[in-house]
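Trainee: Provided herewith: entry.tsv, TSV, C-alpha atoms.
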```tsv
chain	number	residue	atom	x	y	z
A	1	MET	CA	-36.23	36.69	-25.11
A	2	LYS	CA	-34.34	39.15	-22.94
A	3	ILE	CA	-30.77	39.52	-21.68
A	4	LYS	CA	-30.50	38.50	-18.04
A	5	ASP	CA	-29.90	41.47	-15.79
A	6	GLY	CA	-26.53	42.14	-14.15
A	7	PHE	CA	-24.28	42.98	-17.11
A	8	VAL	CA	-22.14	46.04	-17.71
A	9	VAL	CA	-21.23	46.86	-21.32
A	10	GLU	CA	-18.07	48.88	-21.89
A	11	ARG	CA	-16.98	50.35	-25.20
A	12	VAL	CA	-13.23	50.37	-25.85
A	13	GLY	CA	-12.35	51.65	-29.31
A	14	SER	CA	-14.47	49.64	-31.73
A	15	GLN	CA	-15.00	46.81	-29.27
A	16	TYR	CA	-17.87	46.35	-26.84
A	17	LEU	CA	-17.23	44.19	-23.79
A	18	ALA	CA	-20.00	42.80	-21.61
A	19	VAL	CA	-19.07	41.65	-18.11
A	20	ALA	CA	-21.31	40.22	-15.41
A	21	VAL	CA	-21.42	42.04	-12.07
A	22	GLY	CA	-23.14	41.54	-8.73
A	23	GLU	CA	-24.91	38.22	-8.16
A	24	ARG	CA	-24.72	37.48	-11.90
A	25	ALA	CA	-20.93	37.32	-11.60
A	26	ASP	CA	-21.28	34.27	-9.34
A	27	GLU	CA	-22.76	32.23	-12.16
A	28	PHE	CA	-21.31	33.85	-15.30
A	29	ASN	CA	-17.56	34.34	-15.28
A	30	ALA	CA	-16.93	35.19	-18.91
A	31	LEU	CA	-16.27	38.11	-21.17
A	32	VAL	CA	-18.56	38.79	-24.14
A	33	ARG	CA	-16.88	40.67	-26.99
A	34	MET	CA	-19.12	42.34	-29.53
A	35	ASN	CA	-18.91	44.68	-32.46
A	36	GLU	CA	-21.25	47.66	-32.80
A	37	THR	CA	-24.09	45.58	-34.26
A	38	GLY	CA	-23.78	42.97	-31.53
A	39	ALA	CA	-23.82	45.70	-28.90
A	40	PHE	CA	-26.93	47.20	-30.53
A	41	ILE	CA	-28.76	43.89	-30.24
A	42	PHE	CA	-27.44	43.31	-26.71
A	43	GLY	CA	-28.70	46.77	-25.73
A	44	LEU	CA	-32.14	46.07	-27.26
A	45	LEU	CA	-32.48	42.82	-25.36
A	46	GLU	CA	-31.35	44.46	-22.12
A	47	LYS	CA	-34.18	46.97	-22.37
A	48	LYS	CA	-37.07	44.84	-23.57
A	49	GLU	CA	-38.19	41.37	-24.48
A	50	LEU	CA	-38.07	40.70	-28.21
A	51	ASN	CA	-38.20	37.70	-30.53
A	52	GLU	CA	-35.86	37.34	-33.51
A	53	ASP	CA	-38.33	39.05	-35.85
A	54	GLY	CA	-38.48	42.04	-33.51
A	55	ILE	CA	-34.69	42.27	-33.40
A	56	VAL	CA	-34.45	42.07	-37.20
A	57	ALA	CA	-37.08	44.83	-37.54
A	58	ALA	CA	-35.11	47.05	-35.13
A	59	MET	CA	-31.89	46.31	-37.03
A	60	LEU	CA	-33.47	47.24	-40.36
A	61	ASP	CA	-34.65	50.52	-38.79
A	62	GLU	CA	-31.14	51.29	-37.57
A	63	TYR	CA	-28.88	49.88	-40.30
A	64	ASP	CA	-29.03	49.87	-44.06
A	65	VAL	CA	-28.62	46.11	-44.55
A	66	PRO	CA	-30.47	43.52	-46.64
A	67	ARG	CA	-33.13	41.66	-44.63
A	68	ALA	CA	-31.62	38.24	-45.39
A	69	LEU	CA	-28.24	39.30	-43.98
A	70	ALA	CA	-29.84	40.85	-40.89
A	71	GLU	CA	-31.82	37.65	-40.26
A	72	LYS	CA	-28.70	35.51	-40.61
A	73	ASP	CA	-26.62	37.72	-38.30
A	74	VAL	CA	-29.36	38.00	-35.68
A	75	SER	CA	-29.94	34.27	-35.69
A	76	ALA	CA	-26.21	33.53	-35.25
A	77	PHE	CA	-25.78	36.12	-32.51
A	78	VAL	CA	-28.88	35.02	-30.59
A	79	GLU	CA	-27.65	31.44	-30.74
A	80	LYS	CA	-24.32	32.48	-29.21
A	81	LEU	CA	-26.11	34.34	-26.44
A	82	ARG	CA	-28.39	31.37	-25.85
A	83	LYS	CA	-25.51	28.88	-25.68
A	84	ALA	CA	-23.65	31.11	-23.24
A	85	GLY	CA	-26.75	31.22	-21.02
A	86	LEU	CA	-27.26	34.96	-21.25
A	87	LEU	CA	-30.91	34.86	-22.28
A	88	ASP	CA	-34.11	34.66	-20.29
A	89	GLU	CA	-36.64	32.95	-22.56
B	1	MET	CA	-20.45	39.42	-34.21
B	2	SER	CA	-19.06	38.30	-30.86
B	3	ASP	CA	-16.57	36.07	-29.11
B	4	ILE	CA	-17.55	34.56	-25.81
B	5	GLY	CA	-14.48	33.32	-23.96
B	6	TYR	CA	-13.73	32.24	-20.43
B	7	PRO	CA	-11.08	34.35	-18.78
B	8	GLU	CA	-9.28	31.81	-16.61
B	9	GLY	CA	-5.80	31.29	-18.02
B	10	ILE	CA	-6.40	33.18	-21.23
B	11	VAL	CA	-5.93	36.79	-20.23
B	12	GLU	CA	-2.57	37.12	-21.97
B	13	ARG	CA	-4.03	35.64	-25.17
B	14	GLU	CA	-7.05	37.94	-25.00
B	15	LEU	CA	-4.78	40.95	-24.56
B	16	ARG	CA	-2.51	39.89	-27.40
B	17	GLU	CA	-5.35	39.16	-29.82
B	18	HIS	CA	-7.73	41.97	-28.94
B	19	GLY	CA	-5.59	44.58	-27.21
B	20	VAL	CA	-8.06	44.95	-24.36
B	21	TYR	CA	-9.57	42.82	-21.63
B	22	ALA	CA	-12.31	43.46	-19.11
B	23	SER	CA	-13.34	41.61	-15.99
B	24	ASN	CA	-15.32	42.09	-12.85
B	25	THR	CA	-13.06	42.26	-9.83
B	26	VAL	CA	-12.88	39.54	-7.21
B	27	GLY	CA	-11.82	40.15	-3.63
B	28	TYR	CA	-11.23	43.20	-1.49
B	29	SER	CA	-7.53	43.93	-1.98
B	30	MET	CA	-8.20	46.95	-4.22
B	31	SER	CA	-10.96	48.35	-2.06
B	32	PRO	CA	-12.15	51.12	-1.86
B	33	LEU	CA	-11.43	51.65	-5.58
B	34	LEU	CA	-12.64	48.30	-6.89
B	35	ARG	CA	-15.30	46.37	-5.03
B	36	HIS	CA	-15.83	42.62	-5.05
B	37	HIS	CA	-18.01	41.59	-8.01
B	38	LYS	CA	-19.47	45.08	-8.27
B	39	ASP	CA	-17.00	46.89	-10.51
B	40	VAL	CA	-15.35	46.19	-13.85
B	41	ALA	CA	-11.65	46.65	-14.59
B	42	ILE	CA	-10.58	47.47	-18.15
B	43	ILE	CA	-7.07	46.30	-18.91
B	44	GLU	CA	-4.68	46.92	-21.79
B	45	PRO	CA	-1.21	45.48	-22.40
B	46	PRO	CA	1.58	47.66	-20.93
B	47	SER	CA	3.20	49.90	-23.53
B	48	GLY	CA	6.50	49.95	-21.64
B	49	ILE	CA	7.68	50.14	-18.07
B	50	LEU	CA	4.81	51.09	-15.78
B	51	LYS	CA	4.96	54.18	-13.62
B	52	LYS	CA	4.38	54.64	-9.92
B	53	TYR	CA	0.61	54.60	-9.17
B	54	ASP	CA	-0.23	52.49	-12.22
B	55	VAL	CA	-2.27	49.38	-11.41
B	56	ALA	CA	-0.59	46.26	-12.77
B	57	LEU	CA	-2.13	42.93	-13.73
B	58	TYR	CA	0.06	39.85	-13.28
B	59	PRO	CA	-0.45	36.12	-12.81
B	60	ASP	CA	0.22	34.68	-9.35
B	61	GLY	CA	1.40	31.34	-10.72
B	62	LYS	CA	-1.62	29.52	-9.24
B	63	GLY	CA	-4.04	30.25	-12.04
B	64	ASN	CA	-5.20	33.60	-10.66
B	65	TYR	CA	-4.45	37.14	-11.76
B	66	ILE	CA	-3.62	39.91	-9.34
B	67	LEU	CA	-4.50	43.56	-9.92
B	68	HIS	CA	-2.46	45.71	-7.52
B	69	ARG	CA	-0.87	49.14	-7.52
B	70	VAL	CA	2.75	49.93	-8.34
B	71	ILE	CA	4.18	51.91	-5.42
B	72	ALA	CA	7.78	51.97	-6.64
B	73	VAL	CA	9.66	51.15	-9.83
B	74	ARG	CA	13.09	49.54	-9.46
B	75	ASP	CA	15.57	48.12	-11.91
B	76	GLY	CA	13.87	44.98	-13.25
B	77	GLU	CA	11.06	44.87	-10.70
B	78	TYR	CA	8.06	46.70	-9.35
B	79	ILE	CA	7.15	47.08	-5.72
B	80	ILE	CA	3.42	46.51	-5.65
B	81	ARG	CA	0.71	46.69	-3.02
B	82	GLY	CA	-3.08	46.43	-3.12
B	83	ASP	CA	-4.96	49.54	-2.05
B	84	ASN	CA	-6.42	47.53	0.82
B	85	THR	CA	-3.43	45.36	1.67
B	86	PHE	CA	-0.42	45.98	3.85
B	87	VAL	CA	2.15	43.70	2.27
B	88	LYS	CA	4.65	44.68	-0.41
B	89	GLU	CA	5.09	42.39	-3.39
B	90	HIS	CA	8.19	42.25	-5.60
B	91	VAL	CA	7.08	41.61	-9.17
B	92	PRO	CA	9.50	41.39	-12.13
B	93	HIS	CA	8.73	43.81	-14.96
B	94	SER	CA	8.40	40.82	-17.29
B	95	ALA	CA	5.61	39.27	-15.17
B	96	VAL	CA	3.20	42.14	-15.73
B	97	VAL	CA	0.76	41.36	-18.53
B	98	GLY	CA	-1.57	44.34	-18.31
B	99	VAL	CA	-2.32	47.71	-16.83
B	100	LEU	CA	-5.61	49.19	-15.62
B	101	VAL	CA	-6.68	51.93	-18.06
B	102	ALA	CA	-10.26	52.47	-16.92
B	103	TYR	CA	-12.88	51.01	-14.62
B	104	ASN	CA	-16.64	50.96	-14.32
B	105	ARG	CA	-17.66	51.69	-10.74
B	106	GLY	CA	-21.33	51.52	-9.85
B	107	GLY	CA	-22.30	51.82	-13.52
B	108	LYS	CA	-20.10	54.85	-14.22
B	109	ARG	CA	-17.02	54.69	-16.42
B	110	HIS	CA	-13.83	56.28	-15.11
B	111	ASP	CA	-10.61	56.75	-17.05
B	112	CYS	CA	-7.32	56.35	-15.19
B	113	LYS	CA	-6.21	59.66	-16.73
B	114	GLU	CA	-9.01	61.52	-14.93
B	115	LEU	CA	-7.90	64.07	-12.37
B	116	GLY	CA	-10.15	62.57	-9.69
B	117	TYR	CA	-8.62	59.12	-10.10
B	118	ARG	CA	-5.09	60.49	-10.15
B	119	MET	CA	-5.75	62.47	-6.97
B	120	TYR	CA	-7.24	59.39	-5.29
B	121	SER	CA	-4.28	57.15	-6.17
B	122	ARG	CA	-1.70	59.64	-4.90
B	123	PHE	CA	-3.65	60.52	-1.77
B	124	TRP	CA	-4.29	56.87	-0.92
B	125	CYS	CA	-0.59	56.02	-1.20
B	126	PHE	CA	0.41	59.18	0.68
B	127	ILE	CA	-1.70	58.28	3.72
B	128	TYR	CA	-0.49	54.66	3.78
B	129	PRO	CA	1.48	55.17	7.04
B	130	LEU	CA	-1.67	56.50	8.71
B	131	ARG	CA	-3.78	53.65	7.36
B	132	SER	CA	-1.21	51.15	8.55
B	133	LEU	CA	-1.04	52.75	12.01
B	134	TRP	CA	-4.84	52.84	12.30
B	135	ARG	CA	-4.97	49.15	11.43
B	136	LYS	CA	-2.44	48.33	14.15
B	137	VAL	CA	-4.38	50.43	16.68
B	138	LYS	CA	-7.60	48.66	15.76
B	139	PHE	CA	-6.00	45.24	16.21
B	140	ALA	CA	-4.46	46.29	19.54
B	141	LEU	CA	-7.83	47.59	20.79
B	142	ALA	CA	-9.55	44.40	19.68
B	143	ARG	CA	-6.95	42.30	21.52
B	144	LEU	CA	-7.31	44.44	24.65
B	145	LYS	CA	-11.08	44.20	24.54
B	146	ASN	CA	-10.86	40.47	24.16
B	147	LYS	CA	-8.46	40.25	27.09
B	148	LEU	CA	-10.65	42.41	29.37
B	149	PHE	CA	-14.12	41.28	28.38
B	150	GLY	CA	-13.60	38.08	26.44
B	151	LYS	CA	-14.91	34.71	27.58
B	152	ARG	CA	-12.90	33.20	30.38
B	153	LYS	CA	-12.51	29.54	31.11
B	154	ARG	CA	-14.57	28.62	34.14
B	155	ASP	CA	-12.48	27.26	36.99
B	156	SER	CA	-13.52	23.74	37.83
```
Rewrite the coordinates I just gave you, this time as structure tokens.
Mentor:
Amino acid sequence: MKIKDGFVVERVGSQYLAVAVGERADEFNALVRMNETGAFIFGLLEKKELNEDGIVAAMLDEYDVPRALAEKDVSAFVEKLRKAGLLDE
Amino acid sequence: MSDIGYPEGIVERELREHGVYASNTVGYSMSPLLRHHKDVAIIEPPSGILKKYDVALYPDGKGNYILHRVIAVRDGEYIIRGDNTFVKEHVPHSAVVGVLVAYNRGGKRHDCKELGYRMYSRFWCFIYPLRSLWRKVKFALARLKNKLFGKRKRDS
């Protein structure tokens, strides 16, 4: 899976806001709010195609978190992205 | 990890709950600063009365939000005009829900405290009479051209 192109991510304080621009803005008129971990995953999926296992592996490289928690968080976040139609799969 | 919300009608709530809001810009009224669907405006709630040159966000009462520049501050109201419009709007202080604090233009983040932005906003307002005159001249020339070379009705 990969994030569809056409998003700008802005950091404001501890919040990360993703907004669609260009042609993407015609079909996606919403604001995605993320924390640092969400933005990390969003950034990964903007750059390359990964499955959930790949995202979890990258998270475990970056953050000191138990695997079970990383898997749960990744699964929940990916589901939100999927429901919002942000993923190319 | 995230909240995904739809902006229509909820900007005030988003600002109250999160203290910041971001959106791509729609339309050409803030051109050349903000371009239709290309740039992102970052908005925060006003911390008091806005100042001249601030860019205010306010609802138009029809379900849309307007992002235009304050060109004068009066008792109880702002005089506001888009950078690419030629009509003054009178907006009560209480109607303003947010103020532009930064924008992403062509992928680059700009803060409204930057010298370059501040120079642009003052210069653009300063040359308003020239811009307005140029617009009138353009319209007059277009009318003249149409009169001289436009299609004429064929006499029957």
Trainee: Around the point (-0.5, 46.0, -11.6) in the file's coordinates, collect all residues with an atom within 6 Å, using all atoms listed in the file, and return them as a PyMOL selection string.
Mentor: chain B and resi 55-57+67-69+99
Trainee: Would you save the residues from that selection as a PDB file, keeping the file's coordinate frame, using C-alpha atoms?
Mentor:
```pdb
ATOM      1  CA  VAL B  55      -2.270  49.380 -11.410  1.00  0.00           C
ATOM      2  CA  ALA B  56      -0.590  46.260 -12.770  1.00  0.00           C
ATOM      3  CA  LEU B  57      -2.130  42.930 -13.730  1.00  0.00           C
ATOM      4  CA  LEU B  67      -4.500  43.560  -9.920  1.00  0.00           C
ATOM      5  CA  HIS B  68      -2.460  45.710  -7.520  1.00  0.00           C
ATOM      6  CA  ARG B  69      -0.870  49.140  -7.520  1.00  0.00           C
ATOM      7  CA  VAL B  99      -2.320  47.710 -16.830  1.00  0.00           C
TER       8      VAL B  99
END
```
Trainee: What's the separation between atom CA of B:Leu50 and atom CA of B:Lys88, in Å to one decimal place?
Mentor: 16.7 Å
Trainee: For A:Val21, work out the shell of residues within 7 Å, counting all atoms listed in the file and skipping chain neighbours fewer than 2 positions away, then give it as a VMD selection string.
Mentor: (chain A and resid 6 to 8 19 23 to 25) or (chain B and resid 24 37 to 39)
Trainee: Distance limit 12 Å, atoms considered: only C-alpha atoms. Which chain A residues sit that close to chain B? Return them as a PyMOL selection string.
Mentor: chain A and resi 6-42+70+72-86
Trainee: Between atom CA of B:Val73 and atom CA of B:Lys52, measure the distance and give it in Å to one decimal.
Mentor: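 Separation of atom CA of B:Val73 and atom CA of B:Lys52: 6.3 Å.
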Trainee: Here is a test: counting all atoms listed in the file, which residue of B:Val11, B:Leu144, B:Ile71, B:Val97 is nearest to B:Phe126?
Mentor: B:Ile71
Trainee: Just to confirm, what's the straight-line distance from atom CA of B:Ser47 to atom CA of B:Phe123 in Å (one decimal)?
Mentor: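 Taking atom CA of B:Ser47 and atom CA of B:Phe123, their separation equals 25.2 Å.
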Trainee: Would you mind telling me which residue in B:Arg81, B:Lys147, B:Lys113, B:Lys136 lies nearest to B:Ser29 when using all atoms listed in the file?
Mentor: B:Arg81
Trainee: Excluding A:Asp88 and any residue of its chain fewer than 3 positions from it, enumerate the residues within 7 Å of it, using all atoms listed in the file, and give them as a compact mmCIF listing (two decimals) with C-alpha atoms, in the frame of the given file.
Mentor:
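around.txt, written as the output of this step:
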```
# COMPACT_ATOMS: atom_id res chain seq x y z
CA MET A 1 -36.23 36.69 -25.11
CA LYS A 2 -34.34 39.15 -22.94
CA ILE A 3 -30.77 39.52 -21.68
CA LYS A 4 -30.50 38.50 -18.04
```
Trainee: What are the centre and edge lengths in Å, to one decimal, of the axis-aligned box around all listed atoms of stretch 22-39 of chain A with 4 Å added on each side, as AutoDock Vina command-line options?
Mentor:
```
--center_x -20.6 --center_y 39.9 --center_z -21.2 --size_x 16.6 --size_y 23.4 --size_z 34.1
```
Trainee: When you get a chance, write out all heavy atoms for stretch 87-98 of chain B, as an mmCIF file, keeping the file's coordinate frame.
Mentor:
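Dumped to out_35.cif:
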```cif
data_model
loop_
_atom_site.group_PDB
_atom_site.id
_atom_site.type_symbol
_atom_site.label_atom_id
_atom_site.label_comp_id
_atom_site.auth_asym_id
_atom_site.auth_seq_id
_atom_site.Cartn_x
_atom_site.Cartn_y
_atom_site.Cartn_z
ATOM 1 N N VAL B 87 0.960 44.506 2.564
ATOM 2 C CA VAL B 87 2.150 43.700 2.270
ATOM 3 C C VAL B 87 2.711 44.137 0.915
ATOM 4 O O VAL B 87 1.962 44.287 -0.046
ATOM 5 C CB VAL B 87 1.800 42.197 2.216
ATOM 6 C CG1 VAL B 87 3.024 41.368 1.856
ATOM 7 C CG2 VAL B 87 1.220 41.744 3.543
ATOM 8 N N LYS B 88 4.014 44.320 0.858
ATOM 9 C CA LYS B 88 4.650 44.680 -0.410
ATOM 10 C C LYS B 88 4.950 43.418 -1.211
ATOM 11 O O LYS B 88 5.386 42.416 -0.653
ATOM 12 C CB LYS B 88 5.977 45.405 -0.150
ATOM 13 C CG LYS B 88 5.824 46.832 0.309
ATOM 14 C CD LYS B 88 7.211 47.413 0.536
ATOM 15 C CE LYS B 88 7.134 48.806 1.124
ATOM 16 N NZ LYS B 88 8.463 49.320 1.493
ATOM 17 N N GLU B 89 4.740 43.502 -2.516
ATOM 18 C CA GLU B 89 5.090 42.390 -3.390
ATOM 19 C C GLU B 89 6.198 42.854 -4.343
ATOM 20 O O GLU B 89 6.180 44.002 -4.785
ATOM 21 C CB GLU B 89 3.875 41.955 -4.210
ATOM 22 C CG GLU B 89 2.685 41.541 -3.375
ATOM 23 C CD GLU B 89 1.374 41.938 -4.024
ATOM 24 O OE1 GLU B 89 1.037 41.356 -5.063
ATOM 25 O OE2 GLU B 89 0.708 42.845 -3.502
ATOM 26 N N HIS B 90 7.128 41.952 -4.628
ATOM 27 C CA HIS B 90 8.190 42.250 -5.600
ATOM 28 C C HIS B 90 7.838 41.502 -6.880
ATOM 29 O O HIS B 90 7.852 40.280 -6.893
ATOM 30 C CB HIS B 90 9.550 41.812 -5.055
ATOM 31 C CG HIS B 90 9.968 42.596 -3.848
ATOM 32 N ND1 HIS B 90 10.950 43.555 -3.893
ATOM 33 C CD2 HIS B 90 9.505 42.586 -2.567
ATOM 34 C CE1 HIS B 90 11.091 44.096 -2.684
ATOM 35 N NE2 HIS B 90 10.220 43.523 -1.866
ATOM 36 N N VAL B 91 7.547 42.241 -7.924
ATOM 37 C CA VAL B 91 7.080 41.610 -9.170
ATOM 38 C C VAL B 91 8.018 42.026 -10.308
ATOM 39 O O VAL B 91 8.202 43.219 -10.568
ATOM 40 C CB VAL B 91 5.635 42.058 -9.490
ATOM 41 C CG1 VAL B 91 5.161 41.456 -10.801
ATOM 42 C CG2 VAL B 91 4.697 41.688 -8.347
ATOM 43 N N PRO B 92 8.623 41.044 -10.999
ATOM 44 C CA PRO B 92 9.500 41.390 -12.130
ATOM 45 C C PRO B 92 8.716 42.141 -13.213
ATOM 46 O O PRO B 92 7.537 41.851 -13.434
ATOM 47 C CB PRO B 92 9.962 40.034 -12.667
ATOM 48 C CG PRO B 92 9.666 39.060 -11.593
ATOM 49 C CD PRO B 92 8.534 39.594 -10.789
ATOM 50 N N HIS B 93 9.378 43.072 -13.873
ATOM 51 C CA HIS B 93 8.730 43.810 -14.960
ATOM 52 C C HIS B 93 8.112 42.838 -15.968
ATOM 53 O O HIS B 93 7.013 43.065 -16.472
ATOM 54 C CB HIS B 93 9.748 44.688 -15.689
ATOM 55 C CG HIS B 93 10.214 45.861 -14.865
ATOM 56 N ND1 HIS B 93 11.207 46.708 -15.288
ATOM 57 C CD2 HIS B 93 9.821 46.320 -13.652
ATOM 58 C CE1 HIS B 93 11.409 47.639 -14.369
ATOM 59 N NE2 HIS B 93 10.591 47.423 -13.367
ATOM 60 N N SER B 94 8.832 41.753 -16.236
ATOM 61 C CA SER B 94 8.400 40.820 -17.290
ATOM 62 C C SER B 94 7.138 40.052 -16.898
ATOM 63 O O SER B 94 6.489 39.461 -17.762
ATOM 64 C CB SER B 94 9.523 39.834 -17.586
ATOM 65 O OG SER B 94 9.865 39.137 -16.400
ATOM 66 N N ALA B 95 6.786 40.031 -15.610
ATOM 67 C CA ALA B 95 5.610 39.270 -15.170
ATOM 68 C C ALA B 95 4.309 40.024 -15.400
ATOM 69 O O ALA B 95 3.231 39.432 -15.407
ATOM 70 C CB ALA B 95 5.737 38.913 -13.695
ATOM 71 N N VAL B 96 4.423 41.331 -15.584
ATOM 72 C CA VAL B 96 3.200 42.140 -15.730
ATOM 73 C C VAL B 96 2.645 41.996 -17.141
ATOM 74 O O VAL B 96 3.348 42.227 -18.126
ATOM 75 C CB VAL B 96 3.504 43.627 -15.408
ATOM 76 C CG1 VAL B 96 2.309 44.511 -15.747
ATOM 77 C CG2 VAL B 96 3.849 43.766 -13.925
ATOM 78 N N VAL B 97 1.375 41.596 -17.217
ATOM 79 C CA VAL B 97 0.760 41.360 -18.530
ATOM 80 C C VAL B 97 -0.209 42.463 -18.936
ATOM 81 O O VAL B 97 -0.606 42.563 -20.096
ATOM 82 C CB VAL B 97 0.031 39.991 -18.566
ATOM 83 C CG1 VAL B 97 1.015 38.855 -18.338
ATOM 84 C CG2 VAL B 97 -1.110 39.925 -17.554
ATOM 85 N N GLY B 98 -0.610 43.291 -17.969
ATOM 86 C CA GLY B 98 -1.570 44.340 -18.310
ATOM 87 C C GLY B 98 -1.561 45.474 -17.318
ATOM 88 O O GLY B 98 -0.940 45.385 -16.255
#
```
